[in-house]
Every structure is written in C-alpha cells, then in structure tokens.
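Below is work34.txt, which holds compact mmCIF, C-alpha atoms.
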# COMPACT_ATOMS: atom_id res chain seq x y z
CA MET D 1 112.80 150.01 180.75
CA PRO D 2 111.83 150.61 177.09
CA SER D 3 108.76 152.67 176.36
CA PRO D 4 105.66 150.58 175.58
CA ILE D 5 104.97 152.90 172.66
CA LEU D 6 108.39 152.21 171.15
CA ALA D 7 108.00 148.48 171.78
CA ASP D 8 104.62 148.53 170.01
CA LEU D 9 106.11 150.50 167.11
CA ALA D 10 109.02 148.06 166.83
CA ALA D 11 106.55 145.14 166.77
CA GLU D 12 104.54 146.83 164.01
CA VAL D 13 107.68 147.44 161.95
CA THR D 14 108.69 143.80 162.35
CA ALA D 15 105.23 142.59 161.32
CA SER D 16 105.13 144.94 158.33
CA THR D 17 108.59 143.89 157.21
CA THR D 18 107.57 140.24 157.39
CA VAL D 19 104.47 140.94 155.30
CA MET D 20 106.48 142.94 152.75
CA ALA D 21 109.07 140.16 152.47
CA SER D 22 106.26 137.65 151.88
CA ALA D 23 104.78 139.90 149.21
CA SER D 24 108.16 140.16 147.53
CA ALA D 25 108.50 136.36 147.49
CA LEU D 26 105.00 136.06 146.02
CA ILE D 27 105.78 138.58 143.27
CA ARG D 28 109.03 136.76 142.42
CA GLY D 29 107.17 133.43 142.29
CA ILE D 30 104.47 134.75 139.97
CA ALA D 31 107.06 136.38 137.70
CA ALA D 32 109.07 133.15 137.55
CA ARG D 33 106.02 131.06 136.66
CA VAL D 34 104.91 133.44 133.91
CA GLN D 35 108.48 133.64 132.60
CA ALA D 36 108.60 129.82 132.47
CA ALA D 37 105.35 129.84 130.48
CA VAL D 38 106.77 132.43 128.08
CA ASP D 39 109.95 130.36 127.66
CA ALA D 40 107.90 127.21 126.99
CA ALA D 41 105.73 129.03 124.46
CA LEU D 42 108.83 130.30 122.67
CA ALA D 43 110.27 126.78 122.64
CA ASN D 44 107.04 125.52 121.09
CA GLY D 45 107.01 128.01 118.23
CA ALA D 46 105.50 131.23 119.58
CA THR D 47 107.35 134.34 118.54
CA ALA D 48 108.80 136.98 120.84
CA GLU D 49 106.50 139.48 119.12
CA GLU D 50 103.43 137.40 119.94
CA LEU D 51 104.49 137.14 123.57
CA ALA D 52 105.65 140.74 123.98
CA PRO D 53 102.58 141.76 126.03
CA VAL D 54 103.10 138.85 128.41
CA GLN D 55 106.83 139.54 128.64
CA ALA D 56 106.03 143.17 129.48
CA GLU D 57 103.94 141.96 132.43
CA VAL D 58 106.82 139.74 133.62
CA ASP D 59 109.15 142.73 133.40
CA ALA D 60 106.66 144.86 135.35
CA LEU D 61 106.40 142.20 138.08
CA LYS D 62 110.18 142.06 138.35
CA ALA D 63 110.35 145.85 138.62
CA SER D 64 107.68 145.81 141.34
CA ASP D 65 109.66 143.19 143.22
CA ALA D 66 112.81 145.30 142.95
CA ASP D 67 110.95 148.35 144.27
CA LEU D 68 109.43 146.39 147.15
CA THR D 69 112.75 144.78 148.02
CA ALA D 70 114.39 148.21 148.12
CA ALA D 71 111.61 149.51 150.39
CA ILE D 72 111.99 146.52 152.72
CA THR D 73 115.74 147.02 152.91
CA GLU D 74 115.40 150.74 153.54
CA ASN D 75 112.80 150.28 156.24
CA THR D 76 114.23 147.33 158.11
CA PRO D 77 115.81 148.82 161.22
CA ALA D 78 118.77 146.45 161.38
CA ALA D 79 119.56 146.95 157.68
CA SER D 80 119.08 150.68 157.54
CA GLY D 81 120.35 151.79 160.91
CA GLY D 82 116.77 152.64 161.90
CA MET D 83 115.24 152.91 165.34
CA ASN D 84 116.48 149.56 166.73
CA ALA D 85 120.06 149.98 165.58
CA ALA D 86 122.73 150.81 168.10
CA PRO D 87 123.56 154.50 168.20
CA LYS D 88 126.59 155.54 166.20
CA HIS D 89 129.14 157.65 168.01
CA LYS D 90 131.68 159.83 166.30

Written form, structure tokens:
Amino acid sequence: MPSPILADLAAEVTASTTVMASASALIRGIAARVQAAVDAALANGATAEELAPVQAEVDALKASDADLTAAITENTPAASGGMNAAPKHK
C-alpha cells in the first residue's frame, strides 16, 4: 500500500503541473495577441523602430513561456523520470 504522504505529494505535483501548464498556455496566448497587434500596426504603417518596445515585451513573454515550459517538463514525473516513474535497473 502506497504511503499517504507520497500519495499527497504526487497529487500536489500533479496539481502544480496542471497550473503551470495553464500558465504557459496563458503566456503563449498573450504573446500571440500582442504579436498580432504588432504585425497589424506594421502593416498599417508603423515602423519597427516605433514598435520596438512592444516587440521587446513579446520577446520577453516568449522567453518566459520557454522557461516555464522547461520547468514543467523537468518537474513532471513521467517526463523526467521523477518520483512516479518506474525504477530503472541496470
């Protein structure tokens, strides 16, 4: 019978991973919407120089998403071979 402490920990990891994945999707969505606005502004005559500060924010959002996605992948037991993964025998 599994330990209740380990079961609780596994449930917390699952919940946290779900929240992190949702946050990543939110960040990607915001970045995509701002990028679409930048693209529309460029198409309507704005210059890349005028929009550089906004583009920098899009780039920062994308970098944050990449960092969060890496953290999710690293900390998801099935993906990283963490606590719920089957033991590896040599």

May I have the residues within 7 Å of Asp65 of chain D as a ChimeraX atom specification, using all atoms listed in the file and disregarding those fewer than 5 positions away in the same chain? /D:24,27-28

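The gap separating atom CA of Ala71 of chain D from atom CA of Ala15 of chain D is 14.4 Å, in Å to one decimal.
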
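For the pair atom CA of Ala60 of chain D and atom CA of Ala41 of chain D, the interatomic distance is 19.2 Å.
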
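Atom pair atom CA of Val54 of chain D / atom CA of Ser22 of chain D: separated by 23.7 Å.
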
Polymer residues at most 9 Å from Ala31 of chain D, all atoms listed in the file, same-chain spacing of 6 or more positions, as a list in words: Glu57, Val58, Asp59, Ala60, Leu61 and Lys62 of chain D

With C-alpha atoms retained, write the just-selected residues as a short mmCIF file (atom, residue, chain, number, x, y, z; two decimals), keeping the file's coordinate frame.
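Here's the written file part_17.cif:
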data_model
loop_
_atom_site.label_atom_id
_atom_site.label_comp_id
_atom_site.auth_asym_id
_atom_site.auth_seq_id
_atom_site.Cartn_x
_atom_site.Cartn_y
_atom_site.Cartn_z
CA GLU D 57 103.94 141.96 132.43
CA VAL D 58 106.82 139.74 133.62
CA ASP D 59 109.15 142.73 133.40
CA ALA D 60 106.66 144.86 135.35
CA LEU D 61 106.40 142.20 138.08
CA LYS D 62 110.18 142.06 138.35
#

List the neighbours of Val13 of chain D out to 10 Å using only C-alpha atoms; skip same-chain residues closer than 5 positions along the sequence, and give me the result as a list in words. Ala7, Asp8, Thr18, Val19, Asn75, Thr76, Pro77 and Met83 of chain D

Writer output for current selection, C-alpha atoms, as a short mmCIF file (atom, residue, chain, number, x, y, z; two decimals), keeping the file's coordinate frame:
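Saved as out-v2.cif:
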data_model
loop_
_atom_site.label_atom_id
_atom_site.label_comp_id
_atom_site.auth_asym_id
_atom_site.auth_seq_id
_atom_site.Cartn_x
_atom_site.Cartn_y
_atom_site.Cartn_z
CA ALA D 7 108.00 148.48 171.78
CA ASP D 8 104.62 148.53 170.01
CA THR D 18 107.57 140.24 157.39
CA VAL D 19 104.47 140.94 155.30
CA ASN D 75 112.80 150.28 156.24
CA THR D 76 114.23 147.33 158.11
CA PRO D 77 115.81 148.82 161.22
CA MET D 83 115.24 152.91 165.34
#

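Of the listed residues D:Ala25, D:Gln55, D:Ala10, D:Thr17, the one whose atoms come nearest to Asp39 of chain D is D:Gln55, with distances taken using only C-alpha atoms.
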
Of D:Asn44, D:Pro4, D:Arg33, D:Met20, the one nearest to Glu74 of chain D when counting all atoms listed in the file is D:Met20
